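Next comes my_file-v4.cif, a file with mmCIF, C-alpha atoms, pLDDT in the B column; chains and numbers go by the auth columns.
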data_entry
#
loop_
_atom_site.group_PDB
_atom_site.id
_atom_site.type_symbol
_atom_site.label_atom_id
_atom_site.label_comp_id
_atom_site.label_asym_id
_atom_site.label_seq_id
_atom_site.Cartn_x
_atom_site.Cartn_y
_atom_site.Cartn_z
_atom_site.B_iso_or_equiv
_atom_site.auth_seq_id
_atom_site.auth_asym_id
ATOM 1 C CA MET A 1 0.000 0.000 0.000 47.00 1 A
ATOM 2 C CA GLN A 2 1.272 3.448 -0.926 61.00 2 A
ATOM 3 C CA LYS A 3 2.137 5.904 1.844 81.00 3 A
ATOM 4 C CA VAL A 4 -0.341 8.768 2.351 86.00 4 A
ATOM 5 C CA LEU A 5 1.101 12.210 1.742 95.00 5 A
ATOM 6 C CA ARG A 6 -0.544 15.021 3.738 96.00 6 A
ATOM 7 C CA LEU A 7 -0.919 18.584 2.508 97.00 7 A
ATOM 8 C CA ASP A 8 -2.261 21.130 4.992 96.00 8 A
ATOM 9 C CA LEU A 9 -3.307 24.373 3.318 97.00 9 A
ATOM 10 C CA VAL A 10 -3.501 27.203 5.851 96.00 10 A
ATOM 11 C CA SER A 11 -5.356 30.382 4.963 96.00 11 A
ATOM 12 C CA HIS A 12 -3.570 33.476 6.250 96.00 12 A
ATOM 13 C CA GLY A 13 -5.121 35.481 9.074 95.00 13 A
ATOM 14 C CA MET A 14 -7.477 38.440 8.802 94.00 14 A
ATOM 15 C CA THR A 15 -6.205 41.640 7.153 94.00 15 A
ATOM 16 C CA GLU A 16 -7.652 45.146 6.816 93.00 16 A
ATOM 17 C CA ALA A 17 -8.390 44.489 3.133 92.00 17 A
ATOM 18 C CA MET A 18 -10.475 41.439 4.048 91.00 18 A
ATOM 19 C CA ARG A 19 -12.252 43.351 6.808 90.00 19 A
ATOM 20 C CA LYS A 20 -13.065 46.297 4.531 92.00 20 A
ATOM 21 C CA ALA A 21 -13.834 44.318 1.321 92.00 21 A
ATOM 22 C CA ARG A 22 -10.821 45.713 -0.553 93.00 22 A
ATOM 23 C CA PHE A 23 -8.530 44.011 -3.019 93.00 23 A
ATOM 24 C CA PRO A 24 -5.363 43.196 -1.071 91.00 24 A
ATOM 25 C CA VAL A 25 -1.924 44.702 -1.270 90.00 25 A
ATOM 26 C CA ASP A 26 1.094 43.360 0.617 92.00 26 A
ATOM 27 C CA GLU A 27 -0.166 43.984 4.132 94.00 27 A
ATOM 28 C CA SER A 28 0.160 42.629 7.657 95.00 28 A
ATOM 29 C CA LEU A 29 -2.501 40.866 9.672 96.00 29 A
ATOM 30 C CA THR A 30 -4.837 42.870 11.875 95.00 30 A
ATOM 31 C CA GLU A 31 -4.388 42.584 15.640 94.00 31 A
ATOM 32 C CA ALA A 32 -7.496 40.384 15.799 92.00 32 A
ATOM 33 C CA GLY A 33 -6.038 38.285 12.975 92.00 33 A
ATOM 34 C CA ARG A 34 -2.795 37.800 14.901 93.00 34 A
ATOM 35 C CA ARG A 35 -4.669 36.738 18.052 89.00 35 A
ATOM 36 C CA ALA A 36 -6.827 34.256 16.118 90.00 36 A
ATOM 37 C CA ILE A 37 -3.799 32.673 14.434 91.00 37 A
ATOM 38 C CA ALA A 38 -1.944 32.393 17.738 84.00 38 A
ATOM 39 C CA ALA A 39 -4.882 30.325 19.058 79.00 39 A
ATOM 40 C CA CYS A 40 -4.857 27.843 16.121 81.00 40 A
ATOM 41 C CA MET A 41 -4.047 24.182 16.531 75.00 41 A
ATOM 42 C CA PRO A 42 -0.402 23.218 16.126 83.00 42 A
ATOM 43 C CA LEU A 43 0.636 21.859 12.736 90.00 43 A
ATOM 44 C CA THR A 44 3.755 19.980 11.778 88.00 44 A
ATOM 45 C CA ALA A 45 5.262 18.667 8.569 89.00 45 A
ATOM 46 C CA PRO A 46 8.727 17.963 7.220 92.00 46 A
ATOM 47 C CA ARG A 47 8.334 20.912 4.860 95.00 47 A
ATOM 48 C CA VAL A 48 6.678 24.310 5.300 97.00 48 A
ATOM 49 C CA LEU A 49 6.051 26.649 2.376 98.00 49 A
ATOM 50 C CA THR A 50 4.502 30.115 2.374 97.00 50 A
ATOM 51 C CA GLY A 51 3.273 32.582 -0.159 97.00 51 A
ATOM 52 C CA PRO A 52 5.664 35.515 -0.614 97.00 52 A
ATOM 53 C CA GLU A 53 3.347 38.164 0.869 97.00 53 A
ATOM 54 C CA ARG A 54 3.735 39.614 4.347 96.00 54 A
ATOM 55 C CA ARG A 55 0.373 38.231 5.520 97.00 55 A
ATOM 56 C CA THR A 56 1.332 34.614 4.728 97.00 56 A
ATOM 57 C CA VAL A 57 4.853 34.873 6.148 97.00 57 A
ATOM 58 C CA GLU A 58 3.470 36.496 9.318 95.00 58 A
ATOM 59 C CA THR A 59 0.805 33.789 9.684 96.00 59 A
ATOM 60 C CA ALA A 60 3.438 31.046 9.368 96.00 60 A
ATOM 61 C CA ALA A 61 5.649 32.748 11.967 94.00 61 A
ATOM 62 C CA LEU A 62 2.736 33.045 14.413 94.00 62 A
ATOM 63 C CA LEU A 63 2.097 29.321 13.951 94.00 63 A
ATOM 64 C CA GLY A 64 5.739 28.629 14.733 93.00 64 A
ATOM 65 C CA LEU A 65 6.244 27.428 11.156 93.00 65 A
ATOM 66 C CA PRO A 66 8.861 29.562 9.478 87.00 66 A
ATOM 67 C CA GLY A 67 9.048 28.251 5.954 90.00 67 A
ATOM 68 C CA GLU A 68 10.428 28.717 2.520 96.00 68 A
ATOM 69 C CA GLU A 69 8.638 31.254 0.322 97.00 69 A
ATOM 70 C CA ASP A 70 7.162 29.799 -2.852 98.00 70 A
ATOM 71 C CA ASP A 71 5.941 32.281 -5.454 97.00 71 A
ATOM 72 C CA ARG A 72 3.399 29.768 -6.767 97.00 72 A
ATOM 73 C CA LEU A 73 1.518 30.203 -3.466 98.00 73 A
ATOM 74 C CA ARG A 74 1.008 33.933 -4.112 97.00 74 A
ATOM 75 C CA ASP A 75 -2.469 35.464 -4.085 97.00 75 A
ATOM 76 C CA LEU A 76 -4.591 35.929 -7.192 96.00 76 A
ATOM 77 C CA ASP A 77 -3.246 39.071 -8.861 96.00 77 A
ATOM 78 C CA ALA A 78 -6.100 41.609 -9.051 95.00 78 A
ATOM 79 C CA GLY A 79 -4.058 43.858 -11.352 95.00 79 A
ATOM 80 C CA ALA A 80 -5.320 47.444 -11.521 95.00 80 A
ATOM 81 C CA TRP A 81 -7.877 46.735 -8.789 95.00 81 A
ATOM 82 C CA ARG A 82 -5.179 46.097 -6.129 94.00 82 A
ATOM 83 C CA GLY A 83 -5.831 48.196 -3.032 93.00 83 A
ATOM 84 C CA GLY A 84 -9.242 49.368 -4.285 94.00 84 A
ATOM 85 C CA GLU A 85 -12.636 48.665 -2.784 94.00 85 A
ATOM 86 C CA LEU A 86 -14.670 45.806 -4.202 91.00 86 A
ATOM 87 C CA MET A 87 -17.695 48.051 -4.665 92.00 87 A
ATOM 88 C CA SER A 88 -15.663 50.610 -6.661 94.00 88 A
ATOM 89 C CA VAL A 89 -15.332 48.163 -9.562 94.00 89 A
ATOM 90 C CA PRO A 90 -17.872 48.859 -12.338 94.00 90 A
ATOM 91 C CA GLN A 91 -20.758 46.436 -11.952 95.00 91 A
ATOM 92 C CA ASP A 92 -20.343 44.837 -15.383 95.00 92 A
ATOM 93 C CA GLU A 93 -16.641 44.140 -14.749 95.00 93 A
ATOM 94 C CA LEU A 94 -17.326 42.761 -11.260 92.00 94 A
ATOM 95 C CA TYR A 95 -20.013 40.494 -12.728 95.00 95 A
ATOM 96 C CA ALA A 96 -17.603 39.284 -15.420 96.00 96 A
ATOM 97 C CA TRP A 97 -14.908 38.608 -12.810 94.00 97 A
ATOM 98 C CA LEU A 98 -17.304 36.589 -10.642 94.00 98 A
ATOM 99 C CA THR A 99 -18.872 34.590 -13.498 96.00 99 A
ATOM 100 C CA ASN A 100 -16.184 34.182 -16.168 97.00 100 A
ATOM 101 C CA PRO A 101 -13.159 32.224 -14.868 98.00 101 A
ATOM 102 C CA GLN A 102 -11.062 33.494 -17.797 98.00 102 A
ATOM 103 C CA PHE A 103 -11.734 37.198 -17.134 97.00 103 A
ATOM 104 C CA ARG A 104 -8.634 39.314 -16.666 94.00 104 A
ATOM 105 C CA GLY A 105 -9.935 42.755 -17.563 92.00 105 A
ATOM 106 C CA HIS A 106 -8.181 44.135 -14.493 94.00 106 A
ATOM 107 C CA GLY A 107 -4.803 43.284 -16.047 95.00 107 A
ATOM 108 C CA GLY A 108 -3.963 40.625 -13.468 95.00 108 A
ATOM 109 C CA GLU A 109 -4.586 36.895 -13.334 96.00 109 A
ATOM 110 C CA SER A 110 -7.728 35.029 -14.233 97.00 110 A
ATOM 111 C CA VAL A 111 -9.220 32.355 -12.005 98.00 111 A
ATOM 112 C CA THR A 112 -8.131 29.729 -14.547 98.00 112 A
ATOM 113 C CA ASP A 113 -4.555 31.073 -14.312 98.00 113 A
ATOM 114 C CA VAL A 114 -4.570 30.505 -10.542 98.00 114 A
ATOM 115 C CA ILE A 115 -6.078 27.028 -10.923 98.00 115 A
ATOM 116 C CA GLU A 116 -3.413 25.973 -13.429 98.00 116 A
ATOM 117 C CA ARG A 117 -0.597 27.452 -11.337 98.00 117 A
ATOM 118 C CA THR A 118 -1.934 25.545 -8.311 98.00 118 A
ATOM 119 C CA ARG A 119 -2.406 22.311 -10.313 98.00 119 A
ATOM 120 C CA TYR A 120 1.268 22.283 -11.342 98.00 120 A
ATOM 121 C CA TRP A 121 2.378 23.101 -7.798 98.00 121 A
ATOM 122 C CA MET A 122 0.263 20.240 -6.387 98.00 122 A
ATOM 123 C CA ALA A 123 1.726 17.826 -8.948 97.00 123 A
ATOM 124 C CA GLU A 124 5.194 18.803 -7.766 97.00 124 A
ATOM 125 C CA ILE A 125 4.203 18.295 -4.120 97.00 125 A
ATOM 126 C CA ALA A 126 2.804 14.844 -4.989 96.00 126 A
ATOM 127 C CA SER A 127 5.906 13.788 -6.912 95.00 127 A
ATOM 128 C CA GLY A 128 8.166 15.032 -4.091 94.00 128 A
ATOM 129 C CA GLY A 129 6.448 12.683 -1.644 92.00 129 A
ATOM 130 C CA MET A 130 6.959 14.915 1.394 94.00 130 A
ATOM 131 C CA SER A 131 4.077 15.974 3.651 95.00 131 A
ATOM 132 C CA THR A 132 3.798 19.754 3.572 97.00 132 A
ATOM 133 C CA VAL A 133 2.171 22.658 5.351 97.00 133 A
ATOM 134 C CA ALA A 134 1.506 25.536 2.940 98.00 134 A
ATOM 135 C CA VAL A 135 0.489 28.924 4.316 97.00 135 A
ATOM 136 C CA THR A 136 -1.248 30.709 1.484 98.00 136 A
ATOM 137 C CA HIS A 137 -4.390 32.559 0.374 97.00 137 A
ATOM 138 C CA PRO A 138 -8.062 31.642 0.065 97.00 138 A
ATOM 139 C CA ALA A 139 -7.749 31.868 -3.754 98.00 139 A
ATOM 140 C CA VAL A 140 -4.988 29.240 -3.855 98.00 140 A
ATOM 141 C CA ILE A 141 -6.901 26.977 -1.462 98.00 141 A
ATOM 142 C CA ARG A 142 -10.063 27.290 -3.583 98.00 142 A
ATOM 143 C CA ALA A 143 -7.987 26.383 -6.642 98.00 143 A
ATOM 144 C CA ALA A 144 -6.504 23.355 -4.834 98.00 144 A
ATOM 145 C CA LEU A 145 -9.990 22.157 -3.920 98.00 145 A
ATOM 146 C CA LEU A 146 -11.159 22.486 -7.529 98.00 146 A
ATOM 147 C CA VAL A 147 -8.141 20.470 -8.687 98.00 147 A
ATOM 148 C CA THR A 148 -8.758 17.818 -6.003 98.00 148 A
ATOM 149 C CA LEU A 149 -12.456 17.490 -6.776 98.00 149 A
ATOM 150 C CA ASP A 150 -12.019 17.888 -10.547 97.00 150 A
ATOM 151 C CA ALA A 151 -14.645 20.650 -10.297 98.00 151 A
ATOM 152 C CA PRO A 152 -15.201 23.260 -13.011 98.00 152 A
ATOM 153 C CA PRO A 153 -13.478 26.666 -12.697 98.00 153 A
ATOM 154 C CA LYS A 154 -16.875 28.400 -12.481 97.00 154 A
ATOM 155 C CA SER A 155 -17.186 26.841 -8.983 97.00 155 A
ATOM 156 C CA PHE A 156 -14.241 28.923 -7.697 98.00 156 A
ATOM 157 C CA TRP A 157 -16.285 31.637 -5.958 97.00 157 A
ATOM 158 C CA ARG A 158 -18.670 29.082 -4.375 96.00 158 A
ATOM 159 C CA ILE A 159 -16.069 27.999 -1.829 97.00 159 A
ATOM 160 C CA ASP A 160 -15.666 30.092 1.300 96.00 160 A
ATOM 161 C CA ILE A 161 -12.224 29.814 2.915 96.00 161 A
ATOM 162 C CA PRO A 162 -12.160 31.620 6.279 94.00 162 A
ATOM 163 C CA PRO A 163 -9.021 33.348 7.568 94.00 163 A
ATOM 164 C CA GLY A 164 -6.821 31.065 9.642 93.00 164 A
ATOM 165 C CA SER A 165 -8.572 27.883 8.497 93.00 165 A
ATOM 166 C CA VAL A 166 -6.808 24.630 7.643 94.00 166 A
ATOM 167 C CA THR A 167 -7.826 22.524 4.644 96.00 167 A
ATOM 168 C CA ARG A 168 -6.274 19.043 4.631 96.00 168 A
ATOM 169 C CA LEU A 169 -5.652 17.061 1.474 98.00 169 A
ATOM 170 C CA HIS A 170 -4.230 13.557 1.196 97.00 170 A
ATOM 171 C CA TYR A 171 -2.419 12.073 -1.762 97.00 171 A
ATOM 172 C CA ARG A 172 -2.201 8.371 -2.543 94.00 172 A
ATOM 173 C CA GLY A 173 -2.179 8.273 -6.332 93.00 173 A
ATOM 174 C CA GLU A 174 -4.862 10.992 -6.407 96.00 174 A
ATOM 175 C CA TRP A 175 -5.669 13.977 -4.212 97.00 175 A
ATOM 176 C CA THR A 176 -8.543 13.600 -1.759 97.00 176 A
ATOM 177 C CA LEU A 177 -10.160 16.060 0.623 97.00 177 A
ATOM 178 C CA HIS A 178 -9.758 14.851 4.199 95.00 178 A
ATOM 179 C CA PHE A 179 -11.928 15.858 7.143 87.00 179 A
ATOM 180 C CA PRO A 180 -10.135 15.032 10.399 74.00 180 A
ATOM 181 C CA PRO A 181 -12.197 13.312 13.121 69.00 181 A
#

Let me see the file written as structure tokens.
Amino acid sequence: MQKVLRLDLVSHGMTEAMRKARFPVDESLTEAGRRAIAACMPLTAPRVLTGPERRTVETAALLGLPGEEDDRLRDLDAGAWRGGELMSVPQDELYAWLTNPQFRGHGGESVTDVIERTRYWMAEIASGGMSTVAVTHPAVIRAALLVTLDAPPKSFWRIDIPPGSVTRLHYRGEWTLHFPP
């Protein structure tokens, strides 16, 4: 029987952008976000990876998991919308962004770009055979779930990933979503 590889995907803690419904920039966690992360369950793995942004690196440090930065774990690039309020986006563009996974009218990444980036990263994790904790963003975790479940890209925005949550995947020939007892 093949050994089970574990991948724990940790969503970074709360930021001001999340609290105020803004597109993120490279920002720190809020004080409440830091407290919530400090109270999280302990995680361990032979390898720890983080997104390159301050909020992921800070979350990993608060968990006692300093790790190696991996650019493939970066947040979805909102392009020209970065730092702006969600409700400031023209309604037709916001609708396109939320319904068309290939939309990149903001000049950043599309949802399908993030899914493919995540798919290749997960394949590398699987071939490496080393259990991993990855501290990243809700967008990357959504993408990983779509890859695991072989779900269509249009399902991306239907998955809610709370700040500081842990999503566990197992790999034994294929990725599976695992709910701990």

Problem set entry | Residue members of the PyMOL selection byres ((chain A and resi 29-44) around 10) in the file shown, as number ranges by chain | A: 8, 10-19, 27-28, 45-48, 54-56, 58-65, 131-133, 163-166

Exercise. Excluding same-chain residues fewer than 5 positions from Arg72 of chain A, what lies within 8 Å of it counting all atoms listed in the file, as a ChimeraX atom specification?
Worked result: /A:51,117-118,121

For this session: Could you give me, as number ranges by chain, the residues within 8 Å of segment 139-156 of chain A, counting only C-alpha atoms and dropping anything in the same chain fewer than 4 positions from it?
Result: A: 9, 11, 73-76, 99-101, 111-112, 114-115, 118-119, 122, 160-161, 167, 174-177

For this session: With a distance cut-off of 9 Å and only C-alpha atoms, select the neighbouring residues of Trp81 of chain A, excluding the residue or stretch itself and same-chain residues fewer than 6 positions from it, and output the selection as number ranges by chain.
Result: A: 22-24, 88-89, 106-108

Problem set entry | Reference answer for the PyMOL selection byres ((chain A and resi 105) around 10), as a VMD selection string | chain A and resid 78 to 81 93 to 94 96 to 97 102 to 104 106 to 110

Output as lines of an AutoDock Vina configuration file the centre and edge lengths (Å, one decimal) of the box along x, y and z of the file that holds every listed atom of segment 124-140 of chain A after adding 8 Å on each side.
center_x = 0.1
center_y = 22.6
center_z = -1.2
size_x = 32.2
size_y = 35.9
size_z = 29.1

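From atom CA of Glu53 of chain A back to atom CA of Asp70 of chain A, the distance works out to 9.9 Å.
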
Problem set entry | Minimum-distance residue to Thr136 of chain A, chosen among A:Leu169, A:Arg158, A:Asp77, A:Pro52 (using all atoms listed in the file) | A:Pro52

Exercise. Nearest to Val135 of chain A among A:Glu68, A:Trp157, A:Thr50, A:Pro90, with distances taken over all atoms listed in the file: which residue is it?
Worked result: A:Thr50

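The gap separating atom CA of Gly83 of chain A from atom CA of Val25 of chain A is 5.5 Å, in Å to one decimal.
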
Problem set entry | Atomic distance atom CA of Val57 of chain A - atom CA of Arg82 of chain A, expressed in Å with one decimal | 19.4 Å

Problem set entry | Distance criterion (only C-alpha atoms): nearest to Glu85 of chain A out of A:His178, A:Asp113, A:Ala123, A:Ala21 | A:Ala21

Exercise. Which polymer residues, protein or nucleic acid, are no farther than 12 Å from (-0.4, 4.9, -9.6), counting all atoms listed in the file, as number ranges by chain?
Worked result: A: 1-3, 126-127, 171-175

Can segment 150-169 of chain A be brought up to N, CA and C atoms and written out as an mmCIF file, in the frame of the given file?
data_model
loop_
_atom_site.group_PDB
_atom_site.id
_atom_site.type_symbol
_atom_site.label_atom_id
_atom_site.label_comp_id
_atom_site.auth_asym_id
_atom_site.auth_seq_id
_atom_site.Cartn_x
_atom_site.Cartn_y
_atom_site.Cartn_z
ATOM 1 N N ASP A 150 -11.815 17.829 -9.100
ATOM 2 C CA ASP A 150 -12.019 17.888 -10.547
ATOM 3 C C ASP A 150 -13.293 18.682 -10.868
ATOM 4 N N ALA A 151 -13.467 19.792 -10.149
ATOM 5 C CA ALA A 151 -14.645 20.650 -10.297
ATOM 6 C C ALA A 151 -14.367 21.725 -11.348
ATOM 7 N N PRO A 152 -15.405 22.239 -11.980
ATOM 8 C CA PRO A 152 -15.201 23.260 -13.011
ATOM 9 C C PRO A 152 -14.742 24.598 -12.414
ATOM 10 N N PRO A 153 -13.958 25.360 -13.171
ATOM 11 C CA PRO A 153 -13.478 26.666 -12.697
ATOM 12 C C PRO A 153 -14.593 27.618 -12.267
ATOM 13 N N LYS A 154 -15.777 27.496 -12.857
ATOM 14 C CA LYS A 154 -16.875 28.400 -12.481
ATOM 15 C C LYS A 154 -17.308 28.194 -11.031
ATOM 16 N N SER A 155 -16.863 27.112 -10.391
ATOM 17 C CA SER A 155 -17.186 26.841 -8.983
ATOM 18 C C SER A 155 -16.277 27.593 -8.016
ATOM 19 N N PHE A 156 -15.262 28.273 -8.517
ATOM 20 C CA PHE A 156 -14.241 28.923 -7.697
ATOM 21 C C PHE A 156 -14.825 29.800 -6.591
ATOM 22 N N TRP A 157 -15.747 30.683 -6.934
ATOM 23 C CA TRP A 157 -16.285 31.637 -5.958
ATOM 24 C C TRP A 157 -17.344 31.028 -5.048
ATOM 25 N N ARG A 158 -17.671 29.748 -5.215
ATOM 26 C CA ARG A 158 -18.670 29.082 -4.375
ATOM 27 C C ARG A 158 -18.059 28.457 -3.125
ATOM 28 N N ILE A 159 -16.756 28.586 -2.974
ATOM 29 C CA ILE A 159 -16.069 27.999 -1.829
ATOM 30 C C ILE A 159 -15.608 29.133 -0.917
ATOM 31 N N ASP A 160 -16.039 29.073 0.327
ATOM 32 C CA ASP A 160 -15.666 30.092 1.300
ATOM 33 C C ASP A 160 -14.524 29.548 2.159
ATOM 34 N N ILE A 161 -13.392 30.216 2.126
ATOM 35 C CA ILE A 161 -12.224 29.814 2.915
ATOM 36 C C ILE A 161 -11.999 30.891 3.976
ATOM 37 N N PRO A 162 -12.320 30.609 5.229
ATOM 38 C CA PRO A 162 -12.160 31.620 6.279
ATOM 39 C C PRO A 162 -10.690 31.872 6.631
ATOM 40 N N PRO A 163 -10.386 33.055 7.125
ATOM 41 C CA PRO A 163 -9.021 33.348 7.568
ATOM 42 C C PRO A 163 -8.597 32.387 8.675
ATOM 43 N N GLY A 164 -7.364 31.930 8.605
ATOM 44 C CA GLY A 164 -6.821 31.065 9.642
ATOM 45 C C GLY A 164 -7.316 29.630 9.604
ATOM 46 N N SER A 165 -8.060 29.262 8.571
ATOM 47 C CA SER A 165 -8.572 27.883 8.497
ATOM 48 C C SER A 165 -7.530 26.950 7.894
ATOM 49 N N VAL A 166 -7.693 25.663 8.175
ATOM 50 C CA VAL A 166 -6.808 24.630 7.643
ATOM 51 C C VAL A 166 -7.641 23.688 6.785
ATOM 52 N N THR A 167 -7.203 23.478 5.558
ATOM 53 C CA THR A 167 -7.826 22.524 4.644
ATOM 54 C C THR A 167 -6.815 21.403 4.436
ATOM 55 N N ARG A 168 -7.205 20.172 4.735
ATOM 56 C CA ARG A 168 -6.274 19.043 4.631
ATOM 57 C C ARG A 168 -6.599 18.201 3.399
ATOM 58 N N LEU A 169 -5.565 17.950 2.627
ATOM 59 C CA LEU A 169 -5.652 17.061 1.474
ATOM 60 C C LEU A 169 -4.713 15.886 1.707
#
